[in-house]
Amino acid sequence: MLTTAERNASPAQRIEPLRILQSVQSDEHLVVHEVYRSIQGESTWAGVPCVFVRTTGCHLRCTYCDTAHAFYDGKMRSVDDVLAEVVGMSDGALVEITGGEPLLQRGTKTLIDRLHARGRTVLVETSGAVSLHDVSPHARYIVDVKTPSSGEDARNHAASWRLLRPGVDEVKFVISDVFDYEFARALVVRSAFPTGVTVLFSPAAPRMNPTELAERIIKDALAVRFQVQMHKVLWGDKSGV
Ligand code: SF4
């Protein structure tokens, strides 16, 4: 959960740590908060061992944010340095670039392309508040469409939704209450996303009871995929897992 000061930060204040750390936007550099190995906890890739690259900085302030530590700090690194660390950490094929908001940094595109060239499957978790019109085609994008309880639903970049690729990209809704559920359901029912794009409904614990969410999905016969955050089941609300 965010502090009041974090929640009330102005747009300029929100990206100030990123601006200071990355004084020159560069295709060859990234401000990285942490790199770690874990189990993929979400999406259709849940359960697969995965190396995570968490970038610094986010321009949103979702009320339920559990990665506020990634708003600040981090280290400016060359893309090749990050690439070498990721490749050295695992022979496995799966890598996720997350944040913060990884698409705020130009170096993310370079890292995706180089990981792809090294045979890695790359997932990018994005807030959905950044355009997908000019992103690398070599990643699979998981778009966290913001629900009303996030306080950031007005920032959804809906024009990007039609660009999502069936069988490749995925959409996620974090659902805190019945209003979020109805918001997400309405988008699914009116086919806001291309047919074949997996839609994930995830309960925001402890605000939304997972059983209640599952039962609503069943009752409404919604063609979505229910998920819980597997890493939180395993390790609780800890960073770096
Ligand atoms: S987009 Fe993600 S990192 Fe940014 S405030 Fe929302 S939950 Fe936190």
# chains A, B, ... in the order shown; residues from 1 in each chain; ligands from 1
>>> residues_around(residues="Ser10 (chain A)", least_positions_apart="4", cutoff="10 Å", atoms="only C-alpha atoms", output="PyMOL selection string")
chain A and resi 5-6+14-16+59-61
>>> closest_atom_pairs(of="chain A", to="ligand 1", cutoff="12 Å", atoms="only C-alpha atoms and all ligand atoms", output="CSV")
residue,atom,partner,partner_atom_place_in_ligand_line,distance
A:Met1,CA,ligand 1,8 (Fe),9.2
A:Leu2,CA,ligand 1,5 (S),8.6
A:Thr3,CA,ligand 1,5 (S),11.7
A:Glu6,CA,ligand 1,5 (S),9.4
A:Arg7,CA,ligand 1,5 (S),8.9
A:Asn8,CA,ligand 1,5 (S),11.9
A:Ala9,CA,ligand 1,5 (S),11.3
A:Pro11,CA,ligand 1,5 (S),11.9
A:Arg14,CA,ligand 1,5 (S),9.6
A:Ile15,CA,ligand 1,4 (Fe),10.8
A:His33,CA,ligand 1,3 (S),11.9
A:Arg54,CA,ligand 1,3 (S),9.9
A:Thr55,CA,ligand 1,3 (S),9.7
A:Thr56,CA,ligand 1,3 (S),9.1
A:Gly57,CA,ligand 1,3 (S),7.7
A:Cys58,CA,ligand 1,4 (Fe),4.8
A:His59,CA,ligand 1,4 (Fe),6.5
A:Leu60,CA,ligand 1,5 (S),4.5
A:Arg61,CA,ligand 1,5 (S),3.8
A:Cys62,CA,ligand 1,6 (Fe),4.1
A:Thr63,CA,ligand 1,5 (S),7.4
A:Tyr64,CA,ligand 1,7 (S),6.6
A:Cys65,CA,ligand 1,7 (S),4.0
A:Asp66,CA,ligand 1,8 (Fe),6.2
A:Thr67,CA,ligand 1,8 (Fe),5.4
A:Ala68,CA,ligand 1,8 (Fe),5.9
A:His69,CA,ligand 1,3 (S),8.8
A:Ala70,CA,ligand 1,3 (S),7.0
A:Phe71,CA,ligand 1,3 (S),7.3
A:Tyr72,CA,ligand 1,3 (S),10.9
A:Thr98,CA,ligand 1,3 (S),8.4
A:Gly99,CA,ligand 1,3 (S),5.6
A:Gly100,CA,ligand 1,3 (S),3.9
A:Glu101,CA,ligand 1,4 (Fe),6.0
A:Pro102,CA,ligand 1,3 (S),9.3
A:Leu103,CA,ligand 1,1 (S),10.9
A:Leu104,CA,ligand 1,4 (Fe),10.9
A:Glu125,CA,ligand 1,2 (Fe),8.7
A:Thr126,CA,ligand 1,1 (S),7.1
A:Ser127,CA,ligand 1,1 (S),4.5
A:Gly128,CA,ligand 1,1 (S),7.9
A:Ala129,CA,ligand 1,1 (S),7.9
A:Val130,CA,ligand 1,1 (S),10.0
A:Ile142,CA,ligand 1,2 (Fe),11.9
A:Val143,CA,ligand 1,1 (S),10.0
A:Asp144,CA,ligand 1,1 (S),7.7
A:Val145,CA,ligand 1,1 (S),9.3
A:Lys146,CA,ligand 1,6 (Fe),8.0
A:Thr147,CA,ligand 1,6 (Fe),10.5
A:Ser149,CA,ligand 1,6 (Fe),11.1
A:Ser150,CA,ligand 1,6 (Fe),7.4
A:Gly151,CA,ligand 1,6 (Fe),9.3
A:Glu152,CA,ligand 1,6 (Fe),7.8
A:Asp153,CA,ligand 1,6 (Fe),10.2
A:Arg155,CA,ligand 1,1 (S),10.0
A:Asn156,CA,ligand 1,1 (S),10.4
A:Lys172,CA,ligand 1,2 (Fe),11.8
A:Phe173,CA,ligand 1,7 (S),11.2
A:Val174,CA,ligand 1,7 (S),9.4
A:Ala204,CA,ligand 1,7 (S),11.1
>>> residues_around(residues="region 192-202 of chain A", least_positions_apart="5", cutoff="8 Å", atoms="only C-alpha atoms", output="PDB file with C-alpha atoms, in the first residue's frame")
ATOM      1  CA  SER A  43      -0.098 -15.147 -16.250  1.00  0.00           C
ATOM      2  CA  TRP A 161      -5.558  -2.818 -26.801  1.00  0.00           C
ATOM      3  CA  ARG A 162      -6.249  -3.582 -30.479  1.00  0.00           C
ATOM      4  CA  LEU A 164      -2.453  -7.118 -28.611  1.00  0.00           C
ATOM      5  CA  ARG A 165      -1.604 -10.363 -30.403  1.00  0.00           C
ATOM      6  CA  PRO A 166      -3.825 -13.433 -29.884  1.00  0.00           C
ATOM      7  CA  GLY A 167      -1.945 -16.319 -28.322  1.00  0.00           C
ATOM      8  CA  VAL A 168       0.991 -14.034 -27.489  1.00  0.00           C
ATOM      9  CA  ASP A 169       0.021 -11.067 -25.327  1.00  0.00           C
ATOM     10  CA  GLU A 170      -2.202 -11.146 -22.245  1.00  0.00           C
ATOM     11  CA  VAL A 171      -4.409  -8.763 -20.288  1.00  0.00           C
ATOM     12  CA  LYS A 172      -4.604  -8.727 -16.510  1.00  0.00           C
ATOM     13  CA  PHE A 173      -7.166  -7.127 -14.198  1.00  0.00           C
ATOM     14  CA  VAL A 174      -6.394  -6.740 -10.503  1.00  0.00           C
ATOM     15  CA  ILE A 175      -9.833  -6.817  -8.881  1.00  0.00           C
ATOM     16  CA  LEU A 187     -14.763  -4.774 -21.163  1.00  0.00           C
ATOM     17  CA  ALA A 223     -14.269 -16.499 -20.816  1.00  0.00           C
ATOM     18  CA  VAL A 224     -11.431 -15.356 -18.586  1.00  0.00           C
ATOM     19  CA  ARG A 225      -8.714 -17.091 -16.611  1.00  0.00           C
ATOM     20  CA  PHE A 226      -8.738 -16.832 -12.809  1.00  0.00           C
ATOM     21  CA  GLN A 227      -5.349 -16.557 -11.143  1.00  0.00           C
ATOM     22  CA  VAL A 228      -3.848 -15.938  -7.734  1.00  0.00           C
ATOM     23  CA  GLN A 229      -0.376 -14.490  -7.344  1.00  0.00           C
TER      24      GLN A 229
END
>>> residues_around(residues="region 131-137 of chain A", least_positions_apart="6", cutoff="9 Å", atoms="only C-alpha atoms", output="PyMOL selection string")
chain A and resi 103+108-110+112-113+157-161+163-164
